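Chemist: Input structure: input-v2.pdb, which contains PDB, C-alpha atoms, pLDDT in the B column.
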ATOM      1  CA  MET A 187       2.854 -54.809  -4.987  1.00 64.00           C
ATOM      2  CA  ASN A 188       1.584 -54.706  -8.544  1.00 85.00           C
ATOM      3  CA  THR A 189       4.492 -54.553 -10.998  1.00 85.00           C
ATOM      4  CA  VAL A 190       2.739 -52.061 -13.295  1.00 86.00           C
ATOM      5  CA  LEU A 191       2.150 -49.663 -10.405  1.00 89.00           C
ATOM      6  CA  LEU A 192       5.735 -50.111  -9.292  1.00 88.00           C
ATOM      7  CA  ALA A 193       6.982 -49.358 -12.810  1.00 86.00           C
ATOM      8  CA  VAL A 194       4.788 -46.257 -13.068  1.00 88.00           C
ATOM      9  CA  ILE A 195       6.303 -44.949  -9.855  1.00 90.00           C
ATOM     10  CA  LEU A 196       9.944 -45.984 -10.360  1.00 92.00           C
ATOM     11  CA  ILE A 197      10.493 -45.099 -14.026  1.00 90.00           C
ATOM     12  CA  PRO A 198       9.945 -41.329 -13.608  1.00 91.00           C
ATOM     13  CA  ILE A 199      12.113 -41.321 -10.476  1.00 94.00           C
ATOM     14  CA  VAL A 200      14.965 -43.038 -12.336  1.00 93.00           C
ATOM     15  CA  GLU A 201      14.556 -40.698 -15.321  1.00 92.00           C
ATOM     16  CA  ILE A 202      14.633 -37.563 -13.149  1.00 93.00           C
ATOM     17  CA  TYR A 203      17.726 -38.847 -11.345  1.00 94.00           C
ATOM     18  CA  LEU A 204      19.477 -39.511 -14.655  1.00 93.00           C
ATOM     19  CA  PHE A 205      18.483 -36.080 -16.008  1.00 92.00           C
ATOM     20  CA  ILE A 206      20.029 -34.417 -12.967  1.00 93.00           C
ATOM     21  CA  LYS A 207      23.239 -36.503 -13.045  1.00 94.00           C
ATOM     22  CA  ILE A 208      23.820 -36.259 -16.796  1.00 92.00           C
ATOM     23  CA  GLY A 209      22.715 -32.621 -16.924  1.00 92.00           C
ATOM     24  CA  SER A 210      25.223 -31.679 -14.243  1.00 94.00           C
ATOM     25  CA  GLN A 211      27.999 -33.404 -16.214  1.00 94.00           C
ATOM     26  CA  ILE A 212      27.337 -32.166 -19.763  1.00 93.00           C
ATOM     27  CA  GLY A 213      25.073 -29.145 -19.236  1.00 92.00           C
ATOM     28  CA  ALA A 214      21.369 -28.454 -19.610  1.00 89.00           C
ATOM     29  CA  PHE A 215      21.300 -27.632 -23.333  1.00 93.00           C
ATOM     30  CA  SER A 216      23.443 -30.639 -24.216  1.00 93.00           C
ATOM     31  CA  THR A 217      21.134 -32.873 -22.174  1.00 92.00           C
ATOM     32  CA  ILE A 218      18.035 -31.518 -23.939  1.00 91.00           C
ATOM     33  CA  PHE A 219      19.733 -31.908 -27.323  1.00 93.00           C
ATOM     34  CA  LEU A 220      20.762 -35.464 -26.449  1.00 92.00           C
ATOM     35  CA  VAL A 221      17.185 -36.401 -25.486  1.00 90.00           C
ATOM     36  CA  PHE A 222      15.800 -35.038 -28.774  1.00 92.00           C
ATOM     37  CA  PHE A 223      18.629 -36.571 -30.790  1.00 93.00           C
ATOM     38  CA  THR A 224      18.123 -40.061 -29.339  1.00 90.00           C
ATOM     39  CA  ALA A 225      14.386 -39.791 -29.969  1.00 89.00           C
ATOM     40  CA  VAL A 226      14.813 -38.810 -33.633  1.00 91.00           C
ATOM     41  CA  VAL A 227      17.581 -41.322 -34.368  1.00 91.00           C
ATOM     42  CA  GLY A 228      15.760 -44.065 -32.496  1.00 87.00           C
ATOM     43  CA  VAL A 229      12.469 -43.569 -34.314  1.00 87.00           C
ATOM     44  CA  TYR A 230      14.182 -43.594 -37.723  1.00 92.00           C
ATOM     45  CA  TYR A 231      16.134 -46.722 -36.825  1.00 89.00           C
ATOM     46  CA  ALA A 232      12.939 -48.309 -35.505  1.00 87.00           C
ATOM     47  CA  ARG A 233      11.294 -47.560 -38.840  1.00 90.00           C
ATOM     48  CA  TYR A 234      14.215 -49.147 -40.698  1.00 91.00           C
ATOM     49  CA  GLU A 235      14.157 -52.279 -38.532  1.00 89.00           C
ATOM     50  CA  GLY A 236      10.364 -52.438 -38.780  1.00 87.00           C
ATOM     51  CA  ILE A 237      10.562 -52.479 -42.568  1.00 91.00           C
ATOM     52  CA  ASN A 238      13.205 -55.225 -42.431  1.00 89.00           C
ATOM     53  CA  THR A 239      11.016 -57.257 -40.088  1.00 89.00           C
ATOM     54  CA  LEU A 240       8.040 -56.778 -42.402  1.00 89.00           C
ATOM     55  CA  ARG A 241      10.092 -58.025 -45.363  1.00 91.00           C
ATOM     56  CA  SER A 242      11.223 -61.036 -43.385  1.00 90.00           C
ATOM     57  CA  GLY A 243       7.635 -61.770 -42.378  1.00 89.00           C
ATOM     58  CA  MET A 244       6.444 -61.590 -45.970  1.00 91.00           C
ATOM     59  CA  THR A 245       9.233 -63.983 -46.964  1.00 91.00           C
ATOM     60  CA  GLN A 246       8.033 -66.419 -44.292  1.00 89.00           C
ATOM     61  CA  ILE A 247       4.454 -66.147 -45.571  1.00 90.00           C
ATOM     62  CA  ILE A 248       5.592 -66.762 -49.160  1.00 91.00           C
ATOM     63  CA  LYS A 249       7.405 -69.890 -47.941  1.00 90.00           C
ATOM     64  CA  ASN A 250       4.083 -70.931 -46.348  1.00 89.00           C
ATOM     65  CA  GLN A 251       5.490 -70.693 -42.821  1.00 87.00           C
ATOM     66  CA  ILE A 252       4.087 -68.916 -39.798  1.00 87.00           C
ATOM     67  CA  PRO A 253       6.021 -65.658 -39.175  1.00 87.00           C
ATOM     68  CA  ALA A 254       5.851 -65.977 -35.377  1.00 82.00           C
ATOM     69  CA  HIS A 255       9.309 -64.530 -34.700  1.00 81.00           C
ATOM     70  CA  GLU A 256       8.606 -61.611 -37.013  1.00 86.00           C
ATOM     71  CA  LEU A 257       5.306 -60.838 -35.267  1.00 85.00           C
ATOM     72  CA  ILE A 258       6.941 -60.788 -31.850  1.00 86.00           C
ATOM     73  CA  SER A 259       9.879 -58.813 -33.213  1.00 87.00           C
ATOM     74  CA  GLY A 260       7.546 -56.268 -34.815  1.00 88.00           C
ATOM     75  CA  ALA A 261       5.705 -55.754 -31.534  1.00 89.00           C
ATOM     76  CA  ALA A 262       9.033 -55.296 -29.734  1.00 90.00           C
ATOM     77  CA  ILE A 263      10.125 -52.702 -32.303  1.00 89.00           C
ATOM     78  CA  ALA A 264       6.853 -50.789 -31.884  1.00 90.00           C
ATOM     79  CA  PHE A 265       7.288 -50.840 -28.098  1.00 91.00           C
ATOM     80  CA  ALA A 266      10.906 -49.709 -28.509  1.00 91.00           C
ATOM     81  CA  ALA A 267       9.797 -46.775 -30.675  1.00 90.00           C
ATOM     82  CA  VAL A 268       7.385 -45.683 -27.934  1.00 90.00           C
ATOM     83  CA  LEU A 269      10.167 -45.940 -25.356  1.00 91.00           C
ATOM     84  CA  LEU A 270      12.441 -43.829 -27.549  1.00 90.00           C
ATOM     85  CA  ILE A 271       9.821 -41.111 -27.966  1.00 89.00           C
ATOM     86  CA  ILE A 272       9.369 -40.843 -24.186  1.00 89.00           C
ATOM     87  CA  PRO A 273      12.037 -38.411 -22.929  1.00 89.00           C
ATOM     88  CA  GLY A 274      14.597 -40.085 -20.740  1.00 90.00           C
ATOM     89  CA  PHE A 275      17.852 -41.966 -20.771  1.00 93.00           C
ATOM     90  CA  ALA A 276      16.758 -45.239 -19.165  1.00 93.00           C
ATOM     91  CA  THR A 277      13.812 -45.632 -21.555  1.00 93.00           C
ATOM     92  CA  ASP A 278      16.116 -44.783 -24.478  1.00 92.00           C
ATOM     93  CA  LEU A 279      18.561 -47.474 -23.392  1.00 92.00           C
ATOM     94  CA  ILE A 280      15.811 -50.096 -23.187  1.00 92.00           C
ATOM     95  CA  GLY A 281      14.402 -48.892 -26.521  1.00 91.00           C
ATOM     96  CA  PHE A 282      17.756 -49.177 -28.276  1.00 91.00           C
ATOM     97  CA  LEU A 283      18.291 -52.642 -26.799  1.00 91.00           C
ATOM     98  CA  LEU A 284      14.946 -53.734 -28.262  1.00 90.00           C
ATOM     99  CA  ILE A 285      15.677 -52.217 -31.668  1.00 89.00           C
ATOM    100  CA  ILE A 286      19.118 -53.742 -32.213  1.00 90.00           C
ATOM    101  CA  PRO A 287      18.488 -57.182 -33.786  1.00 88.00           C
ATOM    102  CA  ILE A 288      21.077 -59.119 -31.757  1.00 91.00           C
ATOM    103  CA  THR A 289      19.928 -57.875 -28.362  1.00 91.00           C
ATOM    104  CA  ARG A 290      16.257 -58.104 -29.368  1.00 88.00           C
ATOM    105  CA  LYS A 291      16.808 -61.759 -30.270  1.00 88.00           C
ATOM    106  CA  LEU A 292      18.401 -62.445 -26.888  1.00 88.00           C
ATOM    107  CA  ILE A 293      15.642 -60.633 -24.996  1.00 85.00           C
ATOM    108  CA  LEU A 294      12.769 -62.236 -26.894  1.00 83.00           C
ATOM    109  CA  LYS A 295      14.232 -65.745 -27.058  1.00 83.00           C
ATOM    110  CA  ARG A 296      11.985 -67.066 -24.328  1.00 72.00           C
ATOM    111  CA  PHE A 297       8.849 -65.777 -26.053  1.00 65.00           C
ATOM    112  CA  ASP A 298       9.675 -67.537 -29.311  1.00 63.00           C
ATOM    113  CA  LYS A 299       9.468 -70.971 -27.689  1.00 66.00           C
ATOM    114  CA  LYS A 300       5.748 -70.478 -27.081  1.00 62.00           C
ATOM    115  CA  PHE A 301       5.089 -69.923 -30.779  1.00 58.00           C
ATOM    116  CA  GLU A 302       7.319 -72.557 -32.343  1.00 60.00           C
ATOM    117  CA  ASN A 303       5.760 -74.931 -34.836  1.00 55.00           C
ATOM    118  CA  LYS A 304       5.068 -78.215 -33.196  1.00 54.00           C
ATOM    119  CA  GLU A 305       4.843 -81.067 -35.618  1.00 50.00           C
ATOM    120  CA  THR A 306       1.828 -83.253 -35.119  1.00 49.00           C
ATOM    121  CA  LYS A 307       2.382 -86.972 -35.080  1.00 54.00           C
ATOM    122  CA  LYS A 308       0.980 -88.496 -38.247  1.00 59.00           C
ATOM    123  CA  ASN A 309      -0.644 -91.886 -37.982  1.00 60.00           C
ATOM    124  CA  ASP A 310      -0.940 -94.236 -40.936  1.00 68.00           C
ATOM    125  CA  PHE A 311      -4.146 -95.804 -39.746  1.00 69.00           C
ATOM    126  CA  ILE A 312      -7.785 -94.872 -39.339  1.00 72.00           C
ATOM    127  CA  GLU A 313      -9.532 -95.973 -36.205  1.00 76.00           C
ATOM    128  CA  GLY A 314     -13.091 -97.189 -36.547  1.00 75.00           C
ATOM    129  CA  GLU A 315     -15.568-100.027 -36.080  1.00 79.00           C
ATOM    130  CA  PHE A 316     -17.016-102.376 -38.620  1.00 73.00           C
ATOM    131  CA  GLU A 317     -19.618-105.090 -38.755  1.00 77.00           C
ATOM    132  CA  ASP A 318     -19.440-108.050 -41.128  1.00 73.00           C
ATOM    133  CA  ILE A 319     -22.822-108.510 -42.779  1.00 74.00           C
ATOM    134  CA  GLU A 320     -23.451-111.603 -44.826  1.00 72.00           C
ATOM    135  CA  ASP A 321     -26.170-111.346 -47.365  1.00 66.00           C
ATOM    136  CA  ASP A 322     -27.546-114.527 -48.931  1.00 63.00           C
ATOM    137  CA  ASN A 323     -29.062-112.649 -51.818  1.00 63.00           C
ATOM    138  CA  ASP A 324     -25.736-111.479 -53.175  1.00 59.00           C
ATOM    139  CA  ARG A 325     -25.664-111.014 -56.888  1.00 56.00           C
ATOM    140  CA  LYS A 326     -22.591-112.227 -58.536  1.00 57.00           C
ATOM    141  CA  ILE A 327     -21.648-110.478 -61.667  1.00 56.00           C
TER     142      ILE A 327
END
Do you think you could lay out the structure here as structure tokens?

Modeler:
Amino acid sequence: MNTVLLAVILIPIVEIYLFIKIGSQIGAFSTIFLVFFTAVVGVYYARYEGINTLRSGMTQIIKNQIPAHELISGAAIAFAAVLLIIPGFATDLIGFLLIIPITRKLILKRFDKKFENKETKKNDFIEGEFEDIEDDNDRKI
């Protein structure tokens, strides 16, 4: 089965289940408050981490390096902000894991290897062909 279709079906089911379980433990109004609170706090923290990632990327550019990790990290922070805006506890958990720098680094470690700088082997020779032409009418100066 297609993983996107499976995610579209399973994510709302998990979120509804968590709403019911957590709502029965802490109450309806507390659950609603908690959903709004995590969204607001998460989006502000995502903004803060996004600005830090942008600064780090600009530092890499100034050093004349490719900011590959910062680009991937910035995309992960944007995705995390979307997950935090969506009401739900499971999406908030995933969003917070992507926003926190340590866990984001662990999650995105495998993507960084694709964008690492690979040094090209430098050769000290030029390959080519030549033909020795002797000219009898050489002028000697």

Chemist: To one decimal place in Å, what is the distance between CA of Ile202 in chain A and CA of Thr277 in chain A?

Modeler: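 Result for CA of Ile202 in chain A versus CA of Thr277 in chain A: 11.7 Å, one decimal.
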
Chemist: If you measure from CA of Val226 in chain A to CA of Phe275 in chain A, what distance in Å do you get, rounded to one decimal?

Modeler: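 If I compute the distance from CA of Val226 in chain A to CA of Phe275 in chain A, I get 13.6 Å.
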
Chemist: From the options A:Ala276, A:Leu294, A:Leu283, A:Ile288, which residue's atoms come nearest to Leu204 in chain A, counting all atoms listed in the file?

Modeler: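 Comparing A:Ala276, A:Leu294, A:Leu283, A:Ile288 against Leu204 in chain A, the winner is A:Ala276.
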
Chemist: Expressed in Å to a single decimal, how great is the separation between CA of Ile263 in chain A and CA of Arg296 in chain A?

Modeler: 16.5 Å

Chemist: Would you kindly translate the PyMOL selection byres ((chain A and resi 258) around 12) into the concrete residues it picks from this file, as a ChimeraX atom specification?

Modeler: /A:236,239-240,243,252-257,259-265,284,290-291,293-302

Chemist: Could you save the residues just selected, with C-alpha atoms, as an mmCIF file, in the frame of the given file?

Modeler:
data_model
loop_
_atom_site.group_PDB
_atom_site.id
_atom_site.type_symbol
_atom_site.label_atom_id
_atom_site.label_comp_id
_atom_site.auth_asym_id
_atom_site.auth_seq_id
_atom_site.Cartn_x
_atom_site.Cartn_y
_atom_site.Cartn_z
ATOM 1 C CA GLY A 236 10.364 -52.438 -38.780
ATOM 2 C CA THR A 239 11.016 -57.257 -40.088
ATOM 3 C CA LEU A 240 8.040 -56.778 -42.402
ATOM 4 C CA GLY A 243 7.635 -61.770 -42.378
ATOM 5 C CA ILE A 252 4.087 -68.916 -39.798
ATOM 6 C CA PRO A 253 6.021 -65.658 -39.175
ATOM 7 C CA ALA A 254 5.851 -65.977 -35.377
ATOM 8 C CA HIS A 255 9.309 -64.530 -34.700
ATOM 9 C CA GLU A 256 8.606 -61.611 -37.013
ATOM 10 C CA LEU A 257 5.306 -60.838 -35.267
ATOM 11 C CA SER A 259 9.879 -58.813 -33.213
ATOM 12 C CA GLY A 260 7.546 -56.268 -34.815
ATOM 13 C CA ALA A 261 5.705 -55.754 -31.534
ATOM 14 C CA ALA A 262 9.033 -55.296 -29.734
ATOM 15 C CA ILE A 263 10.125 -52.702 -32.303
ATOM 16 C CA ALA A 264 6.853 -50.789 -31.884
ATOM 17 C CA PHE A 265 7.288 -50.840 -28.098
ATOM 18 C CA LEU A 284 14.946 -53.734 -28.262
ATOM 19 C CA ARG A 290 16.257 -58.104 -29.368
ATOM 20 C CA LYS A 291 16.808 -61.759 -30.270
ATOM 21 C CA ILE A 293 15.642 -60.633 -24.996
ATOM 22 C CA LEU A 294 12.769 -62.236 -26.894
ATOM 23 C CA LYS A 295 14.232 -65.745 -27.058
ATOM 24 C CA ARG A 296 11.985 -67.066 -24.328
ATOM 25 C CA PHE A 297 8.849 -65.777 -26.053
ATOM 26 C CA ASP A 298 9.675 -67.537 -29.311
ATOM 27 C CA LYS A 299 9.468 -70.971 -27.689
ATOM 28 C CA LYS A 300 5.748 -70.478 -27.081
ATOM 29 C CA PHE A 301 5.089 -69.923 -30.779
ATOM 30 C CA GLU A 302 7.319 -72.557 -32.343
#

Chemist: Kindly indicate which residue among A:Asn250, A:Tyr231, A:Ile319, A:Gly274 lies nearest to Ile286 in chain A, using all atoms listed in the file for the distances.

Modeler: A:Tyr231
